[in-house]
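A.B. asks: Here it is, the structure, as structure tokens.
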Protein chains: 2
Amino acid sequence: MTATIHQIGGHRAPSLDPILKLVAPEMNKVNAVILDRMQSEIPLIPELAGHLIAGGGKRMRPMLTLACARLLDYPGERHHKLAAAVEFIHTATLLHDDVVDGSDMRRGKTAANLIFGNPAAVLVGDFLFSRSFELMVEDGSLKVLKILSHASAVIAEGEVNQLTAQRQITTTEEKYLDIIGSKTAALFAAACKIAAVVAESGEAQEMALDAYGRNLGIAFQLVDDAIDYVSDGATMGKDIGDDFRDGKVTLPVILAHSRGSAEEQKFWHDAMLGNRVSDEDLLHATTLLRAHDAIDDTIERARHYGQRAIDSIAHFPGGEAKAALVEAVEFAIARAY
Amino acid sequence: MTATIHQIGGHRAPSLDPILKLVAPEMNKVNAVILDRMQSEIPLIPELAGHLIAGGGKRMRPMLTLACARLLDYPGERHHKLAAAVEFIHTATLLHDDVVDGSDMRRGKTAANLIFGNPAAVLVGDFLFSRSFELMVEDGSLKVLKILSHASAVIAEGEVNQLTAQRQITTTEEKYLDIIGSKTAALFAAACKIAAVVAESGEAQEMALDAYGRNLGIAFQLVDDAIDYVSDGATMGKDIGDDFRDGKVTLPVILAHSRGSAEEQKFWHDAMLGNRVSDEDLLHATTLLRAHDAIDDTIERARHYGQRAIDSIAHFPGGEAKAALVEAVEFAIARAY
């Protein structure tokens, strides 16, 4: 495959195409591992896992592992199995999230728990999680095992923390950042960091890629939480206003609430408790969000973390991989528009 | 602590006392690891985990790890952390099981999912599962990690298999044995085998202890499934007839169904589909089970596996540890009466 060099800061909109092209041949190998290792003699397991795994998703996290390995000129293949392990952890958390949230849609399709039931979604999540550790054990790096087992515990803590913050309009921006740092950014960070571990690039590079992934992950989640109020099902793969109806206190709400009048604060309070879930209520919410620049400022916060992600890899030599990683950050932010 | 030697085959009923006494000082250390490592900055995590972990349970699996290590005269302490890891895996599966089954009771208390909700039970299960892998990584044995990550995947497969067999009166004894071999016996086997790994006793001893744990686990589950039709909530820590009402096709039902008349087979078919869930139906079910010796023969099957467990460790020198392990098997079977 011929390498294609993309210019940064040109006129076209930032896209995932450069990073997709960069890792395409290797992603085929990762996908082969994923398909092979989600198999089981119990037919329901590949059936349910396949609904979610084969059914789309951007493979953001394994893509990051592959791209970071390219950035480091890692010539081996160990990271294929590990990238699949990362995707299995992510898929397991998605399955459990959808049970926890009672989701209707995921990746533009009916959520697995609605088709196969909550019990199967919980148990197949457990299977994929166990399988991810089997993959890591096969690779044999205790350091990678440490990074990903710790990331998994942090993700679960973040999810529980999010659960306890649900419907609590008093949730602070600090707590919100804690939550998304755990539930989303921890796995982005780990996905990037393990590339430096297999490439044996040393601690400084491990920390640089950890910081890239972590800041990208925070930016990514901030934009996701903004999009939840401005997108439609087709763009997002889930319904607009899901967070609003679920009483998830995300940054747009935190900003609009803290900047709002007493009357507006009462609206947000009631809404997060689930007493304002009509289409009119959602329309009113988006009007308030606009009035207080809550969406724009959420994106502005995302831009801040995005810049930190880009600066984390500033010292790496330029080239196709670095350009793709930078544009991935720009894309994560630009997709809000 | 002074060692107490118990006679086997005496007049008193088999009990867990010898194995409890054998491992008591070390179990305190395991409990300290468990209490320490179930902590989190997110208060709901230790609160929910503590409800289940601190709230009782026999600690069968970590007890087996400790007793097997004593059998091998292992002088170290590595197995304390690993026994805690085994208990965390078990606790995670209990939390997820109760969500899957919609259980009301667990260990004689209200099930965690009823108090804290299904979402929290799912996520804290995930946390404990991740934490168990962190403990294994700290120990640093890839061999132990391989054994326990594989056991975890097999457990999840067994649970999914059980789910697909639910309400299917055509489930065969072979499939039932597959299911309990996965969902229960795999972790018993792993708990015993890892003692031989840390003691570096060689493959023959690893296989012997794996076989001991696996056969004990099957016997244990067979007796559990028999007790479900003869016990009461106080003895069992859960309600009598739970399996019957949930349409779980366990061996007593498989035997009574296959030995029954066409009319009786229709009763079982309807019952497993959930159309016969009254107290009278349960009474009729137990009458049929007795008429066909289905409970006694389930216990007889358990005795077979129990004997295999005991024979698996026949070549080990006699002593306190071996006597305690033998009596644990006898207890597992005798508790049906």
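By convention here, the chains of the structure tokens are called A, B, ... in the order presented, each chain's residues are numbered starting at 1, and ligands are numbered starting at 1 in the order presented.
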Counting only C-alpha atoms, a student should be able to say which residues of chain A come within 9 Å of chain B; what is the right answer, written as a ChimeraX atom specification?
C.D. replies: /A:40-45,93,96-97,99-101,118-120,122-134,137-138,140-143,145-146,148-161,163-164
A.B. asks: Excluding Ala219 in chain B and any residue of its chain fewer than 2 positions from it, enumerate the residues within 10 Å of it, using only C-alpha atoms, and give them as a ChimeraX atom specification.
C.D. replies: /B:180-181,184-185,213-217,221-225,298-309,329-330,332-333
A.B. asks: With only C-alpha atoms as the counted atoms, please give the residues lying no more than 8 Å from Val230 in chain A, apart from itself and same-chain residues fewer than 4 positions off, as a PDB file with N, CA and C atoms, in the first residue's frame.
C.D. replies:
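Everything below was put into out_10.pdb:
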ATOM      1  N   ALA A 226     -21.659  17.071  24.216  1.00  0.00           N
ATOM      2  CA  ALA A 226     -22.243  18.243  23.543  1.00  0.00           C
ATOM      3  C   ALA A 226     -23.172  17.790  22.427  1.00  0.00           C
ATOM      4  N   ILE A 240     -31.085  11.830  20.165  1.00  0.00           N
ATOM      5  CA  ILE A 240     -30.789  13.114  20.770  1.00  0.00           C
ATOM      6  C   ILE A 240     -31.521  13.210  22.104  1.00  0.00           C
ATOM      7  N   THR A 286     -32.408  22.977  25.197  1.00  0.00           N
ATOM      8  CA  THR A 286     -31.425  23.382  24.182  1.00  0.00           C
ATOM      9  C   THR A 286     -31.422  24.906  24.019  1.00  0.00           C
TER      10      THR A 286
END
A.B. asks: So the first atom is CA of Arg59 in chain A and the second is CA of Val33 in chain A; what is the distance between them in Å, to one decimal place?
C.D. replies: 13.3 Å
A.B. asks: So which one's closest to Ser103 in chain B, B:Lys81, B:His315, B:Arg245, B:His292? Using only C-alpha atoms, please.
C.D. replies: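 Between B:Lys81, B:His315, B:Arg245, B:His292, the residue approaching Ser103 in chain B most closely is B:Arg245.
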A.B. asks: Using DSSP on the backbone coordinates, identify the residues of range 99-309 of chain A assigned to helix (DSSP H, G or I); present them as a ChimeraX atom specification.
C.D. replies: /A:99-101,112-116,118-139,142-165,173-198,203-227,233-236,242-246,251-259,262-272,279-291,294-309
A.B. asks: If you run DSSP on the backbone, which residues of range 72-120 of chain B are strand (DSSP E or B), as a list in words?
C.D. replies: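 Those in range 72-120 of chain B that DSSP calls strand (DSSP E or B) are Met105, Arg106, Lys109 and Thr110 of chain B.
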A.B. asks: Work out how far CA of Leu66 in chain B is from CA of His90 in chain B, in Å to one decimal.
C.D. replies: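 Taking CA of His90 in chain B as the start and CA of Leu66 in chain B as the end point, the length is 15.9 Å.
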